[in-house]
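Engineer: Sharing a structure here in structure tokens format.
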Amino acid sequence: MGLIQKIENTQLKSDVPDLRPGTTVEVSVRVVEGDKTRQQKFKGEVTNIRGAGMRKTFTVRKISEGIGVERTWPIHSPSIADIKVLGQKQVRRAKLFYLRKKKGKAARLKEKALPGESGAK
Amino acid sequence: MMGLIGKKVGMTQLFDEKGDIIPVTVIEAGPCTVTEVRSPERDGYSAVQLGFGTNKESRFTRPLLGQYKKRNLPPSRHLKEFRIADSSGFQVGQTIKAELFAKGEYVDVRGVTKGRGFAGVVKRHGFVAGHASHGPTFGKQPGSIGSSAYPSRVIKGKRLPGRMGGVNLTIKNLEVVGVDSEQNYVLVRGAIPGPPNGLVYIQKREG
């Protein structure tokens with residue numbers, strides 16, 4: 001293994017959940033205020049995943065008071081305390097940037113059906 | 001100042017305590033062998049000569065090989081002298097490794113930049129190129145290079161296209177972000193000259 005790969009591997013977290021476009025997550029972010037650290041939660045859908053290894057980043061989009069808010073973090077960043085997976089939406093593409101142009105009801109995503117229950121009536 | 005001969009491995013990034021990403025260059029630092037100690041009494045100045053890397057014996061001239069034989073050292077591919085204030089603490093044959101540097105220290109890194117060949121004025125001197133769209137046909141030309149009847153010549157030092165890169169360059173004041181004595185590498189913040197596997201000299205800051 002190359003030296004650079006080794007150095008990068010020491011930075012990786014082991015407990016990173018498997019994120020996909022459309023995954024609903026709650027991200028706990030460490031926020032430093034003066035000498036105190038607190039955690040801030042950010043809940044929304046994953047709209048973009050890019051990069052690999054320690055350069056992998058993900059973007060979470062949510063609607064806050066009617067305004068779309070997106071945040072991007074390196075997935076292995078130490079300022080992320082926790083990523084909680086809450087569900088998976090049904091999506092057909094890798095990047096959900098089209099949501100930026102949609103408003104209200106049009107911006108909704110369908111909950112992904114669990115295997116076995118899908119339309120087998 | 002004391003330094004080391006090293007090899008640029010490449011660049012990567014690290015997270016710092018705040019969670020911010022810092023760009024770092026990995027440098028394989030030594031191990032270097034002290035091949036000669038210069039003292040004021042004998043040579044008129046203080047310095048240590050370091051050797052780095054190996055090569056087969058047929059690559060060396062007989063006189064140079066003799067110098068290694070005399071000191072009972074394997075011939076090293078690269079040699080470099082570092083002038084220091086006091087060289088009395090060093091002996092021939094001693095090995096110097098990445099521990100020479102400490103995290104938080106500042107160093108200068110010297111190397112040969114990547115050769116860019118015959119480069120135009122935009123790349124070589126940072127001239128501003130013409131607008132790519134909306135009509136102008138100026139492109140990346142250098143423009144006018146002087147006036148007319150007076151002085152009837154181009155002034156010396158006019159920045160024009162030509163060979164770029166492949167020259168010595170020192171990047172000063174790079175922060176040492178990490179040192180690994182086991183795998184013998186140094187991490188410095190930011191970029192350094194040269195391609196991966198290029199030879200570099202890492203030097204402690206004066207004072």
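Chain lettering (A, B, ...) mirrors the order of the structure tokens, residue numbering begins at 1 for each chain separately, and ligand numbering begins at 1 in order of display.
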Wanna dump the chain B-chain A contacts at 12 Å for me, each residue with its shortest atom pair and the distance in Å to one decimal, counting only C-alpha atoms, ordered by chain and number, as a Markdown table?

Structural biologist:
```
| residue | atom | partner | partner_atom | distance |
| --- | --- | --- | --- | --- |
| B:Lys8 | CA | A:Ile4 | CA | 11.1 |
| B:Val9 | CA | A:Ile4 | CA | 7.6 |
| B:Gly10 | CA | A:Ile4 | CA | 7.2 |
| B:Met11 | CA | A:Ile4 | CA | 7.6 |
| B:Thr12 | CA | A:Ile4 | CA | 6.9 |
| B:Gln13 | CA | A:Glu8 | CA | 7.6 |
| B:Leu14 | CA | A:Gln11 | CA | 7.1 |
| B:Phe15 | CA | A:Ser77 | CA | 6.9 |
| B:Asp16 | CA | A:Pro78 | CA | 8.5 |
| B:Glu17 | CA | A:Pro78 | CA | 7.8 |
| B:Lys18 | CA | A:Ser79 | CA | 7.1 |
| B:Gly19 | CA | A:Ser79 | CA | 5.1 |
| B:Asp20 | CA | A:Ser77 | CA | 8.0 |
| B:Ile21 | CA | A:Ser77 | CA | 8.5 |
| B:Ile22 | CA | A:Ser77 | CA | 11.9 |
| B:Pro23 | CA | A:Arg55 | CA | 11.7 |
| B:Val24 | CA | A:Ile4 | CA | 10.5 |
| B:Thr25 | CA | A:Ile4 | CA | 9.4 |
| B:Val26 | CA | A:Ile4 | CA | 7.4 |
| B:Ile27 | CA | A:Leu3 | CA | 10.0 |
| B:Glu28 | CA | A:Leu3 | CA | 9.3 |
| B:Gly178 | CA | A:Ile7 | CA | 10.7 |
| B:Val179 | CA | A:Ile7 | CA | 11.5 |
| B:Asp180 | CA | A:Ile7 | CA | 10.2 |
| B:Gln183 | CA | A:Leu3 | CA | 8.6 |
| B:Asn184 | CA | A:Leu3 | CA | 10.4 |
| B:Tyr185 | CA | A:Leu3 | CA | 9.1 |
| B:Val186 | CA | A:Ile7 | CA | 11.3 |
| B:Leu187 | CA | A:Ile7 | CA | 10.1 |
| B:Pro196 | CA | A:Ile4 | CA | 11.4 |
```

Engineer: List every residue of chain A that DSSP, applied to the backbone of this structure, assigns to alpha helix (DSSP H), and report them as a ChimeraX atom specification.

Structural biologist: /A:3-9

Engineer: Put those residues in a file: N, CA, C and O atoms, as a short mmCIF file (atom, residue, chain, number, x, y, z; two decimals), in the first residue's frame.

Structural biologist:
```cif
data_model
loop_
_atom_site.label_atom_id
_atom_site.label_comp_id
_atom_site.auth_asym_id
_atom_site.auth_seq_id
_atom_site.Cartn_x
_atom_site.Cartn_y
_atom_site.Cartn_z
N LEU A 3 2.25 5.00 0.64
CA LEU A 3 2.37 5.78 1.88
C LEU A 3 1.20 6.75 2.04
O LEU A 3 0.63 6.90 3.12
N ILE A 4 0.79 7.35 0.94
CA ILE A 4 -0.29 8.32 1.01
C ILE A 4 -1.59 7.63 1.41
O ILE A 4 -2.35 8.12 2.24
N GLN A 5 -1.83 6.46 0.84
CA GLN A 5 -3.02 5.70 1.19
C GLN A 5 -3.02 5.37 2.68
O GLN A 5 -4.04 5.49 3.35
N LYS A 6 -1.86 5.00 3.19
CA LYS A 6 -1.75 4.67 4.62
C LYS A 6 -2.09 5.87 5.48
O LYS A 6 -2.81 5.75 6.49
N ILE A 7 -1.58 7.03 5.10
CA ILE A 7 -1.83 8.23 5.88
C ILE A 7 -3.32 8.57 5.84
O ILE A 7 -3.93 8.92 6.85
N GLU A 8 -3.92 8.39 4.66
CA GLU A 8 -5.34 8.71 4.55
C GLU A 8 -6.19 7.74 5.35
O GLU A 8 -7.18 8.12 5.96
N ASN A 9 -5.76 6.49 5.37
CA ASN A 9 -6.55 5.49 6.10
C ASN A 9 -6.62 5.77 7.59
O ASN A 9 -7.60 5.41 8.24
#
```

Engineer: Pick out the residues sitting within 8 Å of Lys95 in chain A, and hand them over as JSON, numbers by chain; count only C-alpha atoms, and ignore anything fewer than 2 positions along from it in its own chain.

Structural biologist: {"A": [21, 47, 48, 49, 93, 97]}

Engineer: With C-alpha atoms retained, export the selected residues as a PDB file, in the first residue's frame.

Structural biologist:
```pdb
ATOM      1  CA  PRO A  21     -29.185   9.586  -2.532  1.00  0.00           C
ATOM      2  CA  THR A  47     -28.937  14.819  -2.359  1.00  0.00           C
ATOM      3  CA  ASN A  48     -25.342  14.292  -3.415  1.00  0.00           C
ATOM      4  CA  ILE A  49     -22.460  11.971  -2.619  1.00  0.00           C
ATOM      5  CA  ARG A  93     -30.959   9.327  -9.945  1.00  0.00           C
ATOM      6  CA  PHE A  97     -30.327  18.604  -7.722  1.00  0.00           C
TER       7      PHE A  97
END
```

Engineer: Between CA of His78 in chain B and CA of Gly53 in chain B, what is the distance, to one decimal in Å?

Structural biologist: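 These two atoms are separated by 6.4 Å.
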
Engineer: Please return, as number ranges by chain, all residues of chain A that DSSP assigns to strand (DSSP E) on the basis of the backbone.

Structural biologist: A: 23-33, 36-50, 57-64, 67-74, 80-90, 110-111

Engineer: Could you take the residues named above and write them with C-alpha atoms, as a compact mmCIF listing (two decimals), in the first residue's frame?

Structural biologist:
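Result file is part.txt:
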```
# COMPACT_ATOMS: atom_id res chain seq x y z
CA THR A 23 -31.51 8.68 2.52
CA THR A 24 -33.16 10.67 5.30
CA VAL A 25 -30.53 11.46 7.90
CA GLU A 26 -30.09 13.42 11.08
CA VAL A 27 -26.54 14.75 11.28
CA SER A 28 -25.16 15.87 14.64
CA VAL A 29 -22.57 18.54 14.04
CA ARG A 30 -20.13 19.74 16.66
CA VAL A 31 -20.31 23.50 16.99
CA VAL A 32 -17.58 25.30 18.94
CA GLU A 33 -18.71 28.47 20.67
CA LYS A 36 -17.72 25.27 24.74
CA THR A 37 -18.77 22.65 22.24
CA ARG A 38 -22.35 21.75 21.60
CA GLN A 39 -24.09 19.62 19.02
CA GLN A 40 -26.42 20.90 16.40
CA LYS A 41 -28.78 18.63 14.50
CA PHE A 42 -29.48 18.92 10.81
CA LYS A 43 -32.18 16.70 9.38
CA GLY A 44 -32.93 16.19 5.71
CA GLU A 45 -32.38 14.10 2.62
CA VAL A 46 -29.03 13.22 1.09
CA THR A 47 -28.94 14.82 -2.36
CA ASN A 48 -25.34 14.29 -3.42
CA ILE A 49 -22.46 11.97 -2.62
CA ARG A 50 -19.10 12.48 -4.26
CA THR A 57 -18.47 14.24 0.93
CA PHE A 58 -22.23 14.24 1.20
CA THR A 59 -24.86 16.95 0.92
CA VAL A 60 -28.04 17.11 2.98
CA ARG A 61 -31.00 19.22 1.92
CA LYS A 62 -33.86 20.34 4.08
CA ILE A 63 -36.58 22.96 3.93
CA SER A 64 -36.20 25.39 6.78
CA ILE A 67 -36.34 28.09 2.38
CA GLY A 68 -34.24 25.27 1.03
CA VAL A 69 -30.98 24.76 2.97
CA GLU A 70 -28.17 22.48 1.89
CA ARG A 71 -25.06 21.59 3.81
CA THR A 72 -22.09 19.56 2.62
CA TRP A 73 -19.60 17.80 4.86
CA PRO A 74 -16.69 15.43 4.38
CA ILE A 80 -19.57 15.28 12.62
CA ALA A 81 -20.50 13.57 15.85
CA ASP A 82 -23.12 11.24 14.49
CA ILE A 83 -25.10 10.42 11.36
CA LYS A 84 -28.43 8.79 12.11
CA VAL A 85 -30.23 7.08 9.23
CA LEU A 86 -33.99 7.61 9.49
CA GLY A 87 -35.27 6.23 6.22
CA GLN A 88 -34.83 5.88 2.52
CA LYS A 89 -36.78 7.70 -0.18
CA GLN A 90 -37.46 6.25 -3.59
CA LYS A 110 -41.84 8.88 -2.00
CA GLU A 111 -40.81 6.62 0.84
```

Engineer: Report, in Å with one decimal, the straight-line distance from CA of Leu100 in chain B to CA of Lys172 in chain B.

Structural biologist: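 Computing the Euclidean distance for CA of Leu100 in chain B and CA of Lys172 in chain B yields 17.6 Å.
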
Engineer: Write out as a list in words the residues lying within 6 Å of Ser46 in chain B, counting only C-alpha atoms and excluding same-chain residues fewer than 5 positions away.

Structural biologist: Arg38, Ser39, Pro40, Arg83, Ile84, Asp86 and Ser87 of chain B

Engineer: Applying 12 Å and only C-alpha atoms, which residues near Lys123 in chain B remain after dropping the ones on its own chain fewer than 5 positions away? List them as a list in words.

Structural biologist: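 Final neighbour list, sorted by chain and number: Arg116, Gly117, Phe118, Val128, Ala129, Lys140, Gln141, Pro142, Arg159, Leu160, Pro161, Gly162, Arg163, Met164 and Gly165 of chain B.
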